[in-house]
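Participant: Once you've had a glance at the structure underneath, I'll fire off some questions.
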Amino acid sequence: MLHTSHTPGRTVLMDNRECLFFSGFSYLGLHQHPAFKAYMAEGIEKYGTLFPSSRVSNLRLSLYEEIEHALATQLQQQSAVVFSSGYLSGQAAIHYATTCGELLYAPGTHPALWHHTPALPAASRTAWEQETITRVNDHPDNTYVIVSDTMNPITATVYNFDWLTQLKHKVLVLLDDSHGIGILGPQGKGSIHQQPHGANIRYLVTASLAKAYSVEGGVVAGTAADVAAMKRTPYFTGSTPMMPASAHAWLQAAALISEQQHLLKKNTETATHYLKDIPHTHHPELAIFIFPQYDNRQSLATYLADKDLIISSFPYPLPHHAPVHRAIISALHQQQDIATLYQFLHTYYQ
């Protein structure tokens, strides 16, 4: 277990050592970017540290409607609603979804979308997809809600949803795109841009704004009717709104976000080039590189930590499972950082 008294960026201070940091999920590096921090400070100066009222009170802050409109446009949906965290947005979405049909969970769905504690399918994803197609097609319209993440950041897998075109009845499809929004697709539109469309498919997309955008907040986007209904639930009416300074910073940072997305893509391409002869798993659209652990060798994470380089390493999917070793590239990294990572990996795997 490693500890620090500082928030990591490109590097992290640990035991008075400055280590390169290839972990976490701030893909665009905004949380440590001077310009983004200036937007946050500007937002605090203008709005204070919170909006001290409910979103349904007789006094409204128009800033929330501005960011909801912008996020709905980005996610190619009619409407959107923001919450104070990605987890809360997921819980709001899944509890609303129970009013729309029976939940059909995909294997490995993130706990943010759990309604109570569901028994997730043990079958492979391919088998689950075929079972879901059969089940939906054997029942009337609007019987089921399909619930899934759009990708798995632990295994660097982006899921394909083309199989939805085989459905013959109307369904609501609830997708968690927390690790896709801001990263995948043109201008960071997320995974929704590549999902199939059809008269019988209705989407509800939820996402954390922390992963790419370094903002403590969450969003749910979908049809105007679904979002309006969600705004009548206690998850919206009874919760504290997201910090207004965060909404302000995100709205001001469009050009900066575009620059960081370009840097992240460039760094990912650089890492792909450097690591081509290192054993690893990688999806070309993701800045996540997964490395094997050989039984006869020292832990990769420990070896790299001794070299002042920190990667992500923890048991998955259960606490008793073997750690998954991942190097996560961010927009903050420099080419020399990636070259250093390669150097030590090359030595380790020789």
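Letters A, B, ... go to the chains of the structure tokens in the order shown; residues in each chain start at 1; ligands are counted from 1 in the same order.
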Considering only alpha helix (DSSP H) as DSSP defines it on the backbone, what residues of segment 63-176 of chain A qualify? List them as an NGL selection string.

Facilitator: :A and (63-74 or 86-97 or 125-137)

Participant: Give me the residues of segment 177-245 of chain A that have any atom at most 12 Å from an atom of segment 330-337 of chain A; for each, the nearest atom pair and the distance in Å, rounded to one decimal. Use only C-alpha atoms, sort by chain and number, and format it as a Markdown table.

Facilitator:
```
| residue | atom | partner | partner_atom | distance |
| --- | --- | --- | --- | --- |
| A:Ile183 | CA | A:Ser330 | CA | 10.9 |
| A:Lys211 | CA | A:Ser330 | CA | 11.1 |
| A:Ala212 | CA | A:Ser330 | CA | 9.6 |
| A:Tyr213 | CA | A:Ala331 | CA | 11.7 |
```

Participant: Based on the selection just made, write C-alpha atoms of those residues as a PDB file, in the first residue's frame.

Facilitator:
```pdb
ATOM      1  CA  ILE A 183     -12.066  10.616 -24.376  1.00  0.00           C
ATOM      2  CA  LYS A 211     -12.640  10.801 -15.045  1.00  0.00           C
ATOM      3  CA  ALA A 212     -11.786  12.966 -18.047  1.00  0.00           C
ATOM      4  CA  TYR A 213     -12.867  16.415 -16.910  1.00  0.00           C
TER       5      TYR A 213
END
```

Participant: Check which residues of segment 84-191 of chain A sit at most 12 Å from segment 22-30 of chain A using only C-alpha atoms, and return one row each with the closest pair of atoms and their distance in Å to one decimal, ordered by chain and rising number, as a Markdown table.

Facilitator:
```
| residue | atom | partner | partner_atom | distance |
| --- | --- | --- | --- | --- |
| A:Pro153 | CA | A:Phe25 | CA | 9.3 |
| A:Ile154 | CA | A:Phe25 | CA | 11.1 |
| A:Ser178 | CA | A:Phe25 | CA | 10.3 |
| A:His179 | CA | A:Phe25 | CA | 8.4 |
| A:Gly180 | CA | A:Tyr27 | CA | 10.5 |
| A:Ile181 | CA | A:Tyr27 | CA | 10.8 |
| A:Gly182 | CA | A:Leu28 | CA | 8.4 |
| A:Ile183 | CA | A:Tyr27 | CA | 7.9 |
| A:Leu184 | CA | A:Tyr27 | CA | 11.3 |
| A:Gly188 | CA | A:Leu28 | CA | 10.9 |
```

Participant: Would you pick out the contacts of segment 295-297 of chain A at 12 Å or less, using only C-alpha atoms, so that residues sharing its chain but fewer than 6 positions from it are not included, and give the list as a list of chain:residue names?

Facilitator: A:Tyr303, A:Ala322, A:Tyr348, A:Tyr349, A:Gln350

Participant: Could the residues in this selection be saved with N, CA, C and O atoms as a PDB file, in the first residue's frame?

Facilitator:
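Result saved to part.pdb:
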```
ATOM      1  N   TYR A 303       8.601  -3.572  -8.543  1.00  0.00           N
ATOM      2  CA  TYR A 303       9.825  -3.309  -9.299  1.00  0.00           C
ATOM      3  C   TYR A 303       9.854  -1.860  -9.807  1.00  0.00           C
ATOM      4  O   TYR A 303      10.863  -1.155  -9.659  1.00  0.00           O
ATOM      5  N   ALA A 322      -5.642 -11.942  -8.414  1.00  0.00           N
ATOM      6  CA  ALA A 322      -4.311 -11.386  -8.665  1.00  0.00           C
ATOM      7  C   ALA A 322      -4.425  -9.919  -9.093  1.00  0.00           C
ATOM      8  O   ALA A 322      -5.386  -9.539  -9.772  1.00  0.00           O
ATOM      9  N   TYR A 348      12.653  -5.243 -17.299  1.00  0.00           N
ATOM     10  CA  TYR A 348      11.893  -6.202 -16.491  1.00  0.00           C
ATOM     11  C   TYR A 348      11.523  -7.441 -17.301  1.00  0.00           C
ATOM     12  O   TYR A 348      11.614  -8.572 -16.802  1.00  0.00           O
ATOM     13  N   TYR A 349      11.086  -7.256 -18.541  1.00  0.00           N
ATOM     14  CA  TYR A 349      10.572  -8.383 -19.335  1.00  0.00           C
ATOM     15  C   TYR A 349      11.637  -9.097 -20.161  1.00  0.00           C
ATOM     16  O   TYR A 349      11.332 -10.061 -20.858  1.00  0.00           O
ATOM     17  N   GLN A 350      12.883  -8.628 -20.092  1.00  0.00           N
ATOM     18  CA  GLN A 350      13.962  -9.301 -20.841  1.00  0.00           C
ATOM     19  C   GLN A 350      14.174 -10.722 -20.308  1.00  0.00           C
ATOM     20  O   GLN A 350      14.117 -10.960 -19.117  1.00  0.00           O
TER      21      GLN A 350
END
```

Participant: For Leu309 of chain A, which residue out of A:Phe344, A:Trp128, A:Phe36, A:Tyr47 is the nearest one, using only C-alpha atoms?

Facilitator: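 With only C-alpha atoms as the atom set, the closest residue is A:Phe344.
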
Participant: Hey, what's within 10 Å of segment 118-127 of chain A if we count only C-alpha atoms and toss same-chain stuff fewer than 3 positions away? As a count of residues only, please?

Facilitator: 16

Participant: Could you work out how far atom CA of Glu68 of chain A lies from atom CA of Ala80 of chain A, giving the answer in Å with one decimal?

Facilitator: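 These atoms are spaced 5.1 Å apart.
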
Participant: Report as a tab-separated table the residues of segment 234-338 of chain A within 8 Å of segment 37-45 of chain A, each with its shortest atom pair and distance in Å (one decimal), using only C-alpha atoms, ordered by chain and increasing residue number.

Facilitator:
```
residue	atom	partner	partner_atom	distance
A:Pro244	CA	A:Gly43	CA	7.1
A:Ala245	CA	A:Gly43	CA	4.0
A:Ser246	CA	A:Met40	CA	6.2
A:His248	CA	A:Gly43	CA	5.6
A:Ala249	CA	A:Tyr39	CA	4.7
A:Gln252	CA	A:Tyr39	CA	6.9
A:Ala253	CA	A:Tyr39	CA	7.5
```

Participant: Those same residues, written as a short mmCIF file (atom, residue, chain, number, x, y, z; two decimals), in the first residue's frame with all heavy atoms?

Facilitator:
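Final output, out.cif:
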```cif
data_model
loop_
_atom_site.label_atom_id
_atom_site.label_comp_id
_atom_site.auth_asym_id
_atom_site.auth_seq_id
_atom_site.Cartn_x
_atom_site.Cartn_y
_atom_site.Cartn_z
N PRO A 244 -21.13 24.81 -8.05
CA PRO A 244 -21.26 25.69 -9.22
C PRO A 244 -19.92 26.08 -9.84
O PRO A 244 -19.84 26.27 -11.06
CB PRO A 244 -22.02 26.91 -8.69
CG PRO A 244 -21.91 26.83 -7.21
CD PRO A 244 -21.76 25.40 -6.85
N ALA A 245 -18.88 26.20 -9.03
CA ALA A 245 -17.56 26.53 -9.58
C ALA A 245 -17.08 25.47 -10.55
O ALA A 245 -16.40 25.78 -11.54
CB ALA A 245 -16.55 26.71 -8.45
N SER A 246 -17.43 24.20 -10.29
CA SER A 246 -17.06 23.12 -11.20
C SER A 246 -17.78 23.26 -12.54
O SER A 246 -17.18 23.08 -13.60
CB SER A 246 -17.38 21.77 -10.57
OG SER A 246 -16.61 21.55 -9.42
N HIS A 248 -18.93 26.05 -13.78
CA HIS A 248 -18.33 27.22 -14.43
C HIS A 248 -17.02 26.86 -15.11
O HIS A 248 -16.80 27.24 -16.28
CB HIS A 248 -18.11 28.31 -13.38
CG HIS A 248 -17.32 29.49 -13.89
ND1 HIS A 248 -17.91 30.54 -14.56
CD2 HIS A 248 -15.98 29.77 -13.84
CE1 HIS A 248 -16.98 31.42 -14.89
NE2 HIS A 248 -15.81 30.97 -14.47
N ALA A 249 -16.15 26.14 -14.40
CA ALA A 249 -14.85 25.79 -14.96
C ALA A 249 -15.00 24.95 -16.22
O ALA A 249 -14.31 25.18 -17.23
CB ALA A 249 -14.02 25.06 -13.92
N GLN A 252 -16.12 27.02 -19.19
CA GLN A 252 -15.11 27.96 -19.68
C GLN A 252 -13.96 27.26 -20.39
O GLN A 252 -13.21 27.90 -21.14
CB GLN A 252 -14.54 28.78 -18.50
CG GLN A 252 -15.54 29.65 -17.78
CD GLN A 252 -16.19 30.67 -18.69
OE1 GLN A 252 -15.51 31.39 -19.42
NE2 GLN A 252 -17.51 30.74 -18.65
N ALA A 253 -13.81 25.97 -20.16
CA ALA A 253 -12.59 25.27 -20.55
C ALA A 253 -12.69 24.53 -21.88
O ALA A 253 -11.85 23.67 -22.16
CB ALA A 253 -12.19 24.28 -19.45
#
```

Participant: Go through segment 122-181 of chain A and collect every residue that DSSP, computed from the backbone, puts in strand (DSSP E or B); the answer should be as a VMD selection string.

Facilitator: chain A and resid 144 to 149 151 to 152 157 to 158 171 to 176

Participant: What's the 9 Å shell around Lys168 of chain A, counting only C-alpha atoms, without same-chain residues fewer than 2 positions away, as a VMD selection string?

Facilitator: chain A and resid 133 136 to 138 141 165 to 166 170 200

Participant: Produce a file of the selected residues containing N, CA, C and O atoms, as a CSV table (one decimal), in the first residue's frame.

Facilitator:
```csv
chain,number,residue,atom,x,y,z
A,133,ILE,N,-31.0,-10.9,-26.4
A,133,ILE,CA,-31.7,-10.8,-27.7
A,133,ILE,C,-33.0,-11.7,-27.7
A,133,ILE,O,-34.1,-11.3,-28.0
A,136,VAL,N,-35.7,-10.5,-25.0
A,136,VAL,CA,-36.4,-9.3,-25.4
A,136,VAL,C,-37.3,-9.6,-26.5
A,136,VAL,O,-38.5,-9.1,-26.5
A,137,ASN,N,-36.9,-10.4,-27.5
A,137,ASN,CA,-37.7,-10.6,-28.7
A,137,ASN,C,-38.9,-11.6,-28.4
A,137,ASN,O,-39.9,-11.6,-29.1
A,138,ASP,N,-38.9,-12.2,-27.2
A,138,ASP,CA,-40.0,-13.1,-26.8
A,138,ASP,C,-41.0,-12.4,-26.0
A,138,ASP,O,-42.0,-13.0,-25.5
A,141,ASP,N,-43.2,-5.0,-26.1
A,141,ASP,CA,-42.5,-3.7,-26.0
A,141,ASP,C,-42.3,-3.3,-24.5
A,141,ASP,O,-43.2,-3.5,-23.7
A,165,THR,N,-29.3,-4.0,-32.7
A,165,THR,CA,-30.1,-3.9,-33.9
A,165,THR,C,-30.9,-5.2,-34.2
A,165,THR,O,-31.8,-5.2,-35.0
A,166,GLN,N,-30.6,-6.3,-33.4
A,166,GLN,CA,-31.3,-7.5,-33.6
A,166,GLN,C,-32.6,-7.6,-32.7
A,166,GLN,O,-33.4,-8.5,-32.8
A,170,LYS,N,-39.3,-2.6,-28.2
A,170,LYS,CA,-38.8,-1.4,-27.7
A,170,LYS,C,-38.2,-1.7,-26.3
A,170,LYS,O,-38.7,-2.4,-25.5
A,200,ASN,N,-36.8,1.3,-32.0
A,200,ASN,CA,-37.1,0.6,-30.8
A,200,ASN,C,-36.1,0.7,-29.7
A,200,ASN,O,-36.2,0.1,-28.6
```

Participant: Let me make sure I understand: among A:Val220, A:Leu204, A:Leu88, A:Ile328, which one has the smallest atom-to-atom distance to Ala271 of chain A if we use only C-alpha atoms?

Facilitator: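 Result for the nearest residue to Ala271 of chain A: A:Ile328.
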
Participant: Counting only C-alpha atoms, figure out which residue out of A:His193, A:His325, A:His262, A:Lys231 gets nearest to Gln76 of chain A.

Facilitator: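 With only C-alpha atoms as the atom set, the closest residue is A:His193.
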
Participant: Between A:Asp177, A:Asp277, A:Asp162, A:Asp15, which residue has the minimum interatomic distance to Thr347 of chain A, considering only C-alpha atoms?

Facilitator: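 Ranked by minimum distance to Thr347 of chain A, first place goes to A:Asp277.
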